[in-house]
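Notes for the one structure printed next.
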Amino acid sequence: MPPSPQKPLGSYPRTRLRRNRRTHWSRRLVAENRLSTSDLMWPVFAVAGEGRREPVASMPGVDRLSIDLLVEAVGEAVALGIPAVAVFPSIEAALKTPEASEALNPDNLVCRVVRAIKAAHPEIGVICDVALDPFNSEGHDGLVQDGRVLNDETVALLCRQAVIQAQAGCDIVAPSDMMDGRVGAIRDALDAAGFVEVQIMSYAAKYASAFYGPFRDAVGSGAMLKGNKKCYQMDPANGAEAMREVALDIAEGADMLIVKPGLPYLDVLRAVSQTFGVPTFAYQVSGEYAMLKAAVANGWLDGEAALLEMLVCCKRAGAAGILSYAAIEVARLLRRG
Ligand code: PBG
């Protein structure tokens, strides 16, 4: 607890806070937080085919990769010591339907990716997003009927989706859909199917954010999306409601939590991690990454310094770790020291 402003721990001139900051070694000694490679999760985009590398225009440095190239890229993540990757599929438009049935195909792109990564690199954690949007011709995370996003019918599908992902070998399922009650239902479905050890990383406080645009370009859901996601994702104006969302997800069996987006929502991250003491991760989302890269491309920011600062700020706010599209870049920087 910091002292009250009325009772300072010392006073000038005897106390000079700049003393501890004078040298590099001293600053290292007194640092309260440190970003390490162990904090990183790397979201990757997969596409069908072979030898395919498609740059995502709004995310400079990020590519959609076919499985062969993705497995190779994950090899670098393993070599750098990144603990986990999160897989997002770019599904061809012809496979997207109003029922999102491809989400339930045990041989869909996500499952093929998981099997390939696990076969080549069993030591890295693999996270699968549980939501319908990559597979849904409506671009929504849930089933749409008469313009409404159905809750309970969607949850039933998400349970089946999570089970096929677990069957493919994923370690963590990450429901990003924001349907009510899905964490508990998914836990029950996984347990019933024998996957008691598969972890659930819940996107517990996920906001209806304008910062997801580049991600939707990457997975091709943006052009499909009819309307917006405000009837299931949270209002950026709300903080107390995030605590209720989180409390419910923990009660339903979430092992880990995500607050999303990252930097604009550090107050929420702080409150969640302090209040609940459950591992809470920040998601530095596509729009945050795109803003940074755009500024760097213009010569307006020092990219390396800004990137490391953004991530250590997440740690200071209480993040157990961060999902970042820049994870490889960051791990290289950290290795360089
Ligand atoms: C979809 C999903 C989204 C992201 C992760 N899973 C986008 C959305 O909700 O529209 C966003 C990731 C990002 O912007 O980096 N279930």
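We name chains A, B, ... following the order of the structure tokens; residues begin at 1 in each chain, and ligands are numbered from 1 as shown.
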
Q: List all protein, DNA and RNA residues that have at least one atom no more than 10 Å from any atom of ligand 1, counting only C-alpha atoms and all ligand atoms, and write them as a PyMOL selection string.
A: chain A and resi 43+59+86-88+128-134+139-142+174-178+203+206-219+221-222+225+228-229+232-233+260-262+283-290+323-325

Q: Give me, please, the distance in Å between atom CA of A:Ala327 and atom CA of A:Ala254, quoted to one decimal.
A: 24.2 Å

Q. Could you state the separation of atom CA of A:Ala237 and atom CA of A:Ser273 in Å, given to one decimal place?
A.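 Rounded to one decimal, the two atoms are 19.3 Å apart.
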
As a PDB file with N, CA, C and O atoms, in the first residue's frame, please: the residues near A:Glu241 (cut-off 12 Å, only C-alpha atoms, same-chain neighbours under 4 positions excluded).
ATOM      1  N   ALA A 204     -13.193 -13.167 -20.513  1.00  0.00           N
ATOM      2  CA  ALA A 204     -14.247 -12.880 -19.541  1.00  0.00           C
ATOM      3  C   ALA A 204     -14.787 -11.472 -19.712  1.00  0.00           C
ATOM      4  O   ALA A 204     -15.993 -11.233 -19.642  1.00  0.00           O
ATOM      5  N   ALA A 205     -13.869 -10.539 -19.886  1.00  0.00           N
ATOM      6  CA  ALA A 205     -14.296  -9.157 -20.118  1.00  0.00           C
ATOM      7  C   ALA A 205     -13.821  -8.763 -21.498  1.00  0.00           C
ATOM      8  O   ALA A 205     -12.685  -8.331 -21.695  1.00  0.00           O
ATOM      9  N   LYS A 206     -14.700  -8.986 -22.467  1.00  0.00           N
ATOM     10  CA  LYS A 206     -14.370  -8.657 -23.846  1.00  0.00           C
ATOM     11  C   LYS A 206     -15.315  -7.564 -24.316  1.00  0.00           C
ATOM     12  O   LYS A 206     -16.537  -7.722 -24.250  1.00  0.00           O
ATOM     13  N   TYR A 207     -14.734  -6.497 -24.773  1.00  0.00           N
ATOM     14  CA  TYR A 207     -15.508  -5.303 -25.109  1.00  0.00           C
ATOM     15  C   TYR A 207     -15.838  -5.249 -26.602  1.00  0.00           C
ATOM     16  O   TYR A 207     -15.081  -5.746 -27.441  1.00  0.00           O
ATOM     17  N   GLN A 233     -20.897  -8.388 -26.824  1.00  0.00           N
ATOM     18  CA  GLN A 233     -19.655  -7.869 -26.242  1.00  0.00           C
ATOM     19  C   GLN A 233     -19.979  -6.632 -25.396  1.00  0.00           C
ATOM     20  O   GLN A 233     -20.982  -5.959 -25.605  1.00  0.00           O
ATOM     21  N   MET A 234     -19.067  -6.335 -24.446  1.00  0.00           N
ATOM     22  CA  MET A 234     -19.388  -5.292 -23.457  1.00  0.00           C
ATOM     23  C   MET A 234     -19.235  -3.871 -23.983  1.00  0.00           C
ATOM     24  O   MET A 234     -18.462  -3.590 -24.889  1.00  0.00           O
ATOM     25  N   ASP A 235     -19.952  -2.982 -23.335  1.00  0.00           N
ATOM     26  CA  ASP A 235     -19.884  -1.550 -23.614  1.00  0.00           C
ATOM     27  C   ASP A 235     -18.576  -0.995 -23.032  1.00  0.00           C
ATOM     28  O   ASP A 235     -18.320  -1.159 -21.824  1.00  0.00           O
ATOM     29  N   PRO A 236     -17.755  -0.348 -23.876  1.00  0.00           N
ATOM     30  CA  PRO A 236     -16.485   0.211 -23.372  1.00  0.00           C
ATOM     31  C   PRO A 236     -16.660   1.184 -22.207  1.00  0.00           C
ATOM     32  O   PRO A 236     -15.703   1.474 -21.492  1.00  0.00           O
ATOM     33  N   ALA A 237     -17.863   1.659 -21.987  1.00  0.00           N
ATOM     34  CA  ALA A 237     -18.095   2.590 -20.883  1.00  0.00           C
ATOM     35  C   ALA A 237     -18.166   1.888 -19.530  1.00  0.00           C
ATOM     36  O   ALA A 237     -18.165   2.544 -18.488  1.00  0.00           O
ATOM     37  N   GLU A 245     -19.057 -10.159 -14.989  1.00  0.00           N
ATOM     38  CA  GLU A 245     -18.723 -11.143 -16.032  1.00  0.00           C
ATOM     39  C   GLU A 245     -17.637 -12.097 -15.531  1.00  0.00           C
ATOM     40  O   GLU A 245     -17.719 -13.313 -15.713  1.00  0.00           O
ATOM     41  N   VAL A 246     -16.615 -11.514 -14.926  1.00  0.00           N
ATOM     42  CA  VAL A 246     -15.481 -12.313 -14.457  1.00  0.00           C
ATOM     43  C   VAL A 246     -15.917 -13.260 -13.338  1.00  0.00           C
ATOM     44  O   VAL A 246     -15.578 -14.450 -13.337  1.00  0.00           O
ATOM     45  N   ALA A 247     -16.679 -12.738 -12.385  1.00  0.00           N
ATOM     46  CA  ALA A 247     -17.126 -13.570 -11.257  1.00  0.00           C
ATOM     47  C   ALA A 247     -17.919 -14.776 -11.763  1.00  0.00           C
ATOM     48  O   ALA A 247     -17.736 -15.907 -11.280  1.00  0.00           O
ATOM     49  N   LEU A 248     -18.778 -14.547 -12.745  1.00  0.00           N
ATOM     50  CA  LEU A 248     -19.562 -15.655 -13.298  1.00  0.00           C
ATOM     51  C   LEU A 248     -18.654 -16.692 -13.958  1.00  0.00           C
ATOM     52  O   LEU A 248     -18.804 -17.900 -13.747  1.00  0.00           O
ATOM     53  N   VAL A 268      -9.446  -2.088 -16.005  1.00  0.00           N
ATOM     54  CA  VAL A 268     -10.239  -3.308 -15.823  1.00  0.00           C
ATOM     55  C   VAL A 268      -9.313  -4.473 -15.461  1.00  0.00           C
ATOM     56  O   VAL A 268      -9.583  -5.246 -14.532  1.00  0.00           O
ATOM     57  N   ALA A 271      -8.249  -4.161 -11.832  1.00  0.00           N
ATOM     58  CA  ALA A 271      -9.313  -4.497 -10.880  1.00  0.00           C
ATOM     59  C   ALA A 271      -9.547  -6.010 -10.859  1.00  0.00           C
ATOM     60  O   ALA A 271      -9.689  -6.618  -9.786  1.00  0.00           O
ATOM     61  N   VAL A 272      -9.563  -6.626 -12.034  1.00  0.00           N
ATOM     62  CA  VAL A 272      -9.829  -8.067 -12.109  1.00  0.00           C
ATOM     63  C   VAL A 272      -8.707  -8.856 -11.457  1.00  0.00           C
ATOM     64  O   VAL A 272      -8.948  -9.743 -10.625  1.00  0.00           O
TER      65      VAL A 272
END

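Going from atom CA of A:Lys293 to atom CA of A:Pro60 covers 6.6 Å.
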
Q: Using only C-alpha atoms, determine which residues lie at most 12 Å from A:Ala94, disregarding the query and same-chain residues fewer than 5 positions distant; provide the list as a VMD selection string.
A: chain A and resid 100 to 102 134 to 137 220

With all heavy atoms retained, write the just-selected residues as a compact mmCIF listing (two decimals), in the first residue's frame.
# COMPACT_ATOMS: atom_id res chain seq x y z
N ALA A 100 -22.72 -22.22 -39.45
CA ALA A 100 -21.31 -22.32 -39.07
C ALA A 100 -20.89 -23.77 -38.90
O ALA A 100 -20.10 -24.10 -38.02
CB ALA A 100 -21.04 -21.52 -37.79
N SER A 101 -21.42 -24.65 -39.76
CA SER A 101 -21.22 -26.08 -39.52
C SER A 101 -19.75 -26.51 -39.64
O SER A 101 -19.34 -27.50 -39.03
CB SER A 101 -22.11 -26.91 -40.44
OG SER A 101 -22.15 -26.32 -41.70
N GLU A 102 -18.96 -25.76 -40.39
CA GLU A 102 -17.54 -26.11 -40.50
C GLU A 102 -16.82 -26.05 -39.14
O GLU A 102 -15.81 -26.72 -38.93
CB GLU A 102 -16.86 -25.18 -41.53
CG GLU A 102 -15.39 -25.43 -41.78
CD GLU A 102 -15.08 -26.78 -42.45
OE1 GLU A 102 -16.01 -27.51 -42.84
OE2 GLU A 102 -13.87 -27.11 -42.55
N PRO A 134 -15.35 -17.19 -37.44
CA PRO A 134 -14.59 -17.51 -38.65
C PRO A 134 -15.37 -18.41 -39.62
O PRO A 134 -15.01 -18.52 -40.79
CB PRO A 134 -13.36 -18.27 -38.11
CG PRO A 134 -13.30 -17.99 -36.66
CD PRO A 134 -14.73 -17.77 -36.24
N PHE A 135 -16.42 -19.06 -39.12
CA PHE A 135 -17.15 -20.08 -39.88
C PHE A 135 -18.55 -19.64 -40.30
O PHE A 135 -19.27 -20.37 -40.97
CB PHE A 135 -17.29 -21.35 -39.02
CG PHE A 135 -16.00 -21.82 -38.42
CD1 PHE A 135 -15.62 -21.49 -37.13
CD2 PHE A 135 -15.13 -22.61 -39.18
CE1 PHE A 135 -14.43 -21.92 -36.59
CE2 PHE A 135 -13.93 -23.05 -38.64
CZ PHE A 135 -13.57 -22.70 -37.35
N ASN A 136 -18.92 -18.46 -39.84
CA ASN A 136 -20.31 -18.04 -39.92
C ASN A 136 -20.48 -17.02 -41.04
O ASN A 136 -19.79 -16.00 -41.07
CB ASN A 136 -20.66 -17.40 -38.56
CG ASN A 136 -22.10 -17.06 -38.41
OD1 ASN A 136 -22.82 -16.91 -39.40
ND2 ASN A 136 -22.54 -16.93 -37.17
N SER A 137 -21.40 -17.28 -41.95
CA SER A 137 -21.60 -16.35 -43.06
C SER A 137 -22.18 -15.02 -42.59
O SER A 137 -22.21 -14.06 -43.35
CB SER A 137 -22.50 -16.98 -44.13
OG SER A 137 -23.67 -17.51 -43.53
N GLY A 220 -11.14 -12.64 -42.34
CA GLY A 220 -12.17 -12.47 -43.35
C GLY A 220 -13.58 -12.44 -42.79
O GLY A 220 -14.55 -12.76 -43.48

(Q) Which residues are close to A:Asn108, i.e. within 10 Å by only C-alpha atoms, leaving aside same-chain residues fewer than 3 positions away? Reply as a ChimeraX atom specification. (A) /A:48,89,91,95,102-105,111-113,164-165

What would the file look like if the residues just selected were written as a PDB file, in the first residue's frame with N, CA and C atoms?
ATOM      1  N   ALA A  48      -5.769 -22.387 -45.492  1.00  0.00           N
ATOM      2  CA  ALA A  48      -5.621 -23.705 -46.118  1.00  0.00           C
ATOM      3  C   ALA A  48      -4.566 -23.649 -47.221  1.00  0.00           C
ATOM      4  N   PRO A  89      -8.253 -19.260 -37.571  1.00  0.00           N
ATOM      5  CA  PRO A  89      -8.315 -19.704 -38.958  1.00  0.00           C
ATOM      6  C   PRO A  89      -8.942 -18.660 -39.887  1.00  0.00           C
ATOM      7  N   ILE A  91     -11.006 -18.926 -42.917  1.00  0.00           N
ATOM      8  CA  ILE A  91     -11.761 -19.973 -43.616  1.00  0.00           C
ATOM      9  C   ILE A  91     -12.240 -19.439 -44.958  1.00  0.00           C
ATOM     10  N   LEU A  95     -16.948 -22.057 -47.419  1.00  0.00           N
ATOM     11  CA  LEU A  95     -17.227 -22.945 -46.280  1.00  0.00           C
ATOM     12  C   LEU A  95     -17.996 -22.244 -45.166  1.00  0.00           C
ATOM     13  N   GLU A 102     -18.965 -25.759 -40.391  1.00  0.00           N
ATOM     14  CA  GLU A 102     -17.536 -26.106 -40.504  1.00  0.00           C
ATOM     15  C   GLU A 102     -16.823 -26.046 -39.139  1.00  0.00           C
ATOM     16  N   ALA A 103     -17.398 -25.271 -38.229  1.00  0.00           N
ATOM     17  CA  ALA A 103     -16.807 -25.184 -36.878  1.00  0.00           C
ATOM     18  C   ALA A 103     -16.836 -26.542 -36.187  1.00  0.00           C
ATOM     19  N   LEU A 104     -17.752 -27.415 -36.629  1.00  0.00           N
ATOM     20  CA  LEU A 104     -17.933 -28.713 -35.971  1.00  0.00           C
ATOM     21  C   LEU A 104     -17.306 -29.860 -36.754  1.00  0.00           C
ATOM     22  N   ASN A 105     -16.586 -29.517 -37.817  1.00  0.00           N
ATOM     23  CA  ASN A 105     -15.923 -30.540 -38.617  1.00  0.00           C
ATOM     24  C   ASN A 105     -14.581 -30.898 -37.957  1.00  0.00           C
ATOM     25  N   CYS A 111      -8.449 -27.702 -36.526  1.00  0.00           N
ATOM     26  CA  CYS A 111      -8.046 -29.015 -36.005  1.00  0.00           C
ATOM     27  C   CYS A 111      -6.813 -29.544 -36.722  1.00  0.00           C
ATOM     28  N   ARG A 112      -6.745 -29.322 -38.037  1.00  0.00           N
ATOM     29  CA  ARG A 112      -5.550 -29.768 -38.777  1.00  0.00           C
ATOM     30  C   ARG A 112      -4.310 -29.032 -38.285  1.00  0.00           C
ATOM     31  N   VAL A 113      -4.475 -27.726 -38.038  1.00  0.00           N
ATOM     32  CA  VAL A 113      -3.345 -26.934 -37.531  1.00  0.00           C
ATOM     33  C   VAL A 113      -2.899 -27.463 -36.166  1.00  0.00           C
ATOM     34  N   ILE A 164     -14.300 -30.883 -30.142  1.00  0.00           N
ATOM     35  CA  ILE A 164     -13.495 -31.345 -31.299  1.00  0.00           C
ATOM     36  C   ILE A 164     -12.096 -30.720 -31.276  1.00  0.00           C
ATOM     37  N   GLN A 165     -11.999 -29.507 -30.731  1.00  0.00           N
ATOM     38  CA  GLN A 165     -10.667 -28.897 -30.604  1.00  0.00           C
ATOM     39  C   GLN A 165      -9.821 -29.676 -29.592  1.00  0.00           C
TER      40      GLN A 165
END

**Q.** helix (DSSP H, G or I) residues, from DSSP on the backbone, in stretch 159-311 of chain A, as a ChimeraX atom specification
**A.** /A:159-168,182-192,210-219,240-251,263-276,286-297,303-311

(Q) Just want the 12 Å neighbourhood of A:Ala79, counted on only C-alpha atoms, with same-chain residues fewer than 2 positions away dropped. Output as a ChimeraX atom specification. (A) /A:37,72-77,81-84,121,123-124,328,331-332,335

Can you write out the residues you just picked, keeping N, CA, C and O atoms, as an mmCIF file, in the first residue's frame?
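As written to disk, selection_11.cif reads:
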data_model
loop_
_atom_site.group_PDB
_atom_site.id
_atom_site.type_symbol
_atom_site.label_atom_id
_atom_site.label_comp_id
_atom_site.auth_asym_id
_atom_site.auth_seq_id
_atom_site.Cartn_x
_atom_site.Cartn_y
_atom_site.Cartn_z
ATOM 1 N N THR A 37 9.993 -13.535 -21.734
ATOM 2 C CA THR A 37 9.423 -14.356 -22.812
ATOM 3 C C THR A 37 8.337 -15.281 -22.268
ATOM 4 O O THR A 37 7.389 -15.625 -22.981
ATOM 5 N N GLU A 72 6.499 -24.289 -39.183
ATOM 6 C CA GLU A 72 7.870 -23.760 -39.180
ATOM 7 C C GLU A 72 7.974 -22.522 -38.280
ATOM 8 O O GLU A 72 8.890 -22.391 -37.467
ATOM 9 N N ALA A 73 6.992 -21.617 -38.419
ATOM 10 C CA ALA A 73 7.000 -20.382 -37.620
ATOM 11 C C ALA A 73 6.876 -20.703 -36.132
ATOM 12 O O ALA A 73 7.535 -20.082 -35.295
ATOM 13 N N VAL A 74 6.042 -21.678 -35.821
ATOM 14 C CA VAL A 74 5.885 -22.054 -34.410
ATOM 15 C C VAL A 74 7.201 -22.635 -33.883
ATOM 16 O O VAL A 74 7.527 -22.486 -32.703
ATOM 17 N N GLY A 75 7.963 -23.250 -34.780
ATOM 18 C CA GLY A 75 9.289 -23.746 -34.392
ATOM 19 C C GLY A 75 10.156 -22.614 -33.857
ATOM 20 O O GLY A 75 10.893 -22.790 -32.882
ATOM 21 N N GLU A 76 10.052 -21.441 -34.467
ATOM 22 C CA GLU A 76 10.837 -20.310 -33.965
ATOM 23 C C GLU A 76 10.321 -19.876 -32.588
ATOM 24 O O GLU A 76 11.113 -19.549 -31.697
ATOM 25 N N ALA A 77 8.991 -19.898 -32.427
ATOM 26 C CA ALA A 77 8.419 -19.540 -31.119
ATOM 27 C C ALA A 77 8.946 -20.488 -30.040
ATOM 28 O O ALA A 77 9.295 -20.064 -28.939
ATOM 29 N N GLY A 81 11.373 -19.733 -26.777
ATOM 30 C CA GLY A 81 10.852 -19.973 -25.430
ATOM 31 C C GLY A 81 9.473 -19.398 -25.179
ATOM 32 O O GLY A 81 9.050 -19.258 -24.026
ATOM 33 N N ILE A 82 8.740 -19.078 -26.237
ATOM 34 C CA ILE A 82 7.367 -18.587 -26.064
ATOM 35 C C ILE A 82 6.492 -19.755 -25.599
ATOM 36 O O ILE A 82 6.510 -20.828 -26.209
ATOM 37 N N PRO A 83 5.734 -19.580 -24.506
ATOM 38 C CA PRO A 83 5.017 -20.735 -23.931
ATOM 39 C C PRO A 83 3.830 -21.245 -24.758
ATOM 40 O O PRO A 83 3.523 -22.432 -24.690
ATOM 41 N N ALA A 84 3.158 -20.346 -25.507
ATOM 42 C CA ALA A 84 1.919 -20.806 -26.159
ATOM 43 C C ALA A 84 1.587 -19.998 -27.402
ATOM 44 O O ALA A 84 1.949 -18.823 -27.520
ATOM 45 N N HIS A 121 5.759 -29.974 -32.506
ATOM 46 C CA HIS A 121 6.247 -29.223 -31.330
ATOM 47 C C HIS A 121 5.368 -29.503 -30.110
ATOM 48 O O HIS A 121 4.640 -28.629 -29.652
ATOM 49 N N GLU A 123 5.880 -29.520 -27.142
ATOM 50 C CA GLU A 123 6.176 -28.780 -25.904
ATOM 51 C C GLU A 123 5.524 -27.412 -25.839
ATOM 52 O O GLU A 123 5.549 -26.778 -24.776
ATOM 53 N N ILE A 124 4.940 -26.923 -26.918
ATOM 54 C CA ILE A 124 4.333 -25.591 -26.850
ATOM 55 C C ILE A 124 2.826 -25.720 -26.594
ATOM 56 O O ILE A 124 2.178 -26.654 -27.094
ATOM 57 N N ILE A 328 6.865 -12.721 -31.288
ATOM 58 C CA ILE A 328 8.171 -13.185 -31.796
ATOM 59 C C ILE A 328 9.177 -12.033 -31.756
ATOM 60 O O ILE A 328 10.311 -12.192 -31.291
ATOM 61 N N ALA A 331 10.171 -11.408 -28.190
ATOM 62 C CA ALA A 331 11.062 -12.457 -27.662
ATOM 63 C C ALA A 331 12.474 -12.276 -28.214
ATOM 64 O O ALA A 331 13.456 -12.476 -27.502
ATOM 65 N N ARG A 332 12.561 -11.864 -29.486
ATOM 66 C CA ARG A 332 13.903 -11.601 -30.051
ATOM 67 C C ARG A 332 14.560 -10.429 -29.333
ATOM 68 O O ARG A 332 15.743 -10.477 -29.005
ATOM 69 N N ARG A 335 15.722 -11.472 -25.921
ATOM 70 C CA ARG A 335 16.897 -12.343 -25.995
ATOM 71 C C ARG A 335 18.154 -11.501 -26.201
ATOM 72 O O ARG A 335 19.191 -11.738 -25.611
#

Q.
Could you check the closest approach to A:Leu333 for each of A:Arg148, A:Met179, A:Gln274, A:Glu304 and tell me which residue wins, using only C-alpha atoms?
A.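 Checking each candidate against A:Leu333, we get A:Glu304 as the closest.
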
Q) Quick one: DSSP strand (DSSP E) residues in stretch 79-321 of chain A, as number ranges by chain? A) A: 84-90, 125-130, 144-145, 148-149, 172-175, 199-206, 256-260, 280-284, 321

**Q.** From A:Ala294, A:Met243, A:Ala305, A:Ala46, residue lying nearest A:Thr275 [only C-alpha atoms]
**A.**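 For A:Thr275, the nearest of the candidates is A:Met243.
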
Q: Kindly indicate which residue among A:Pro13, A:Gln161, A:Glu153, A:Cys170 lies nearest to A:Ala116, using only C-alpha atoms for the distances.
A: A:Cys170
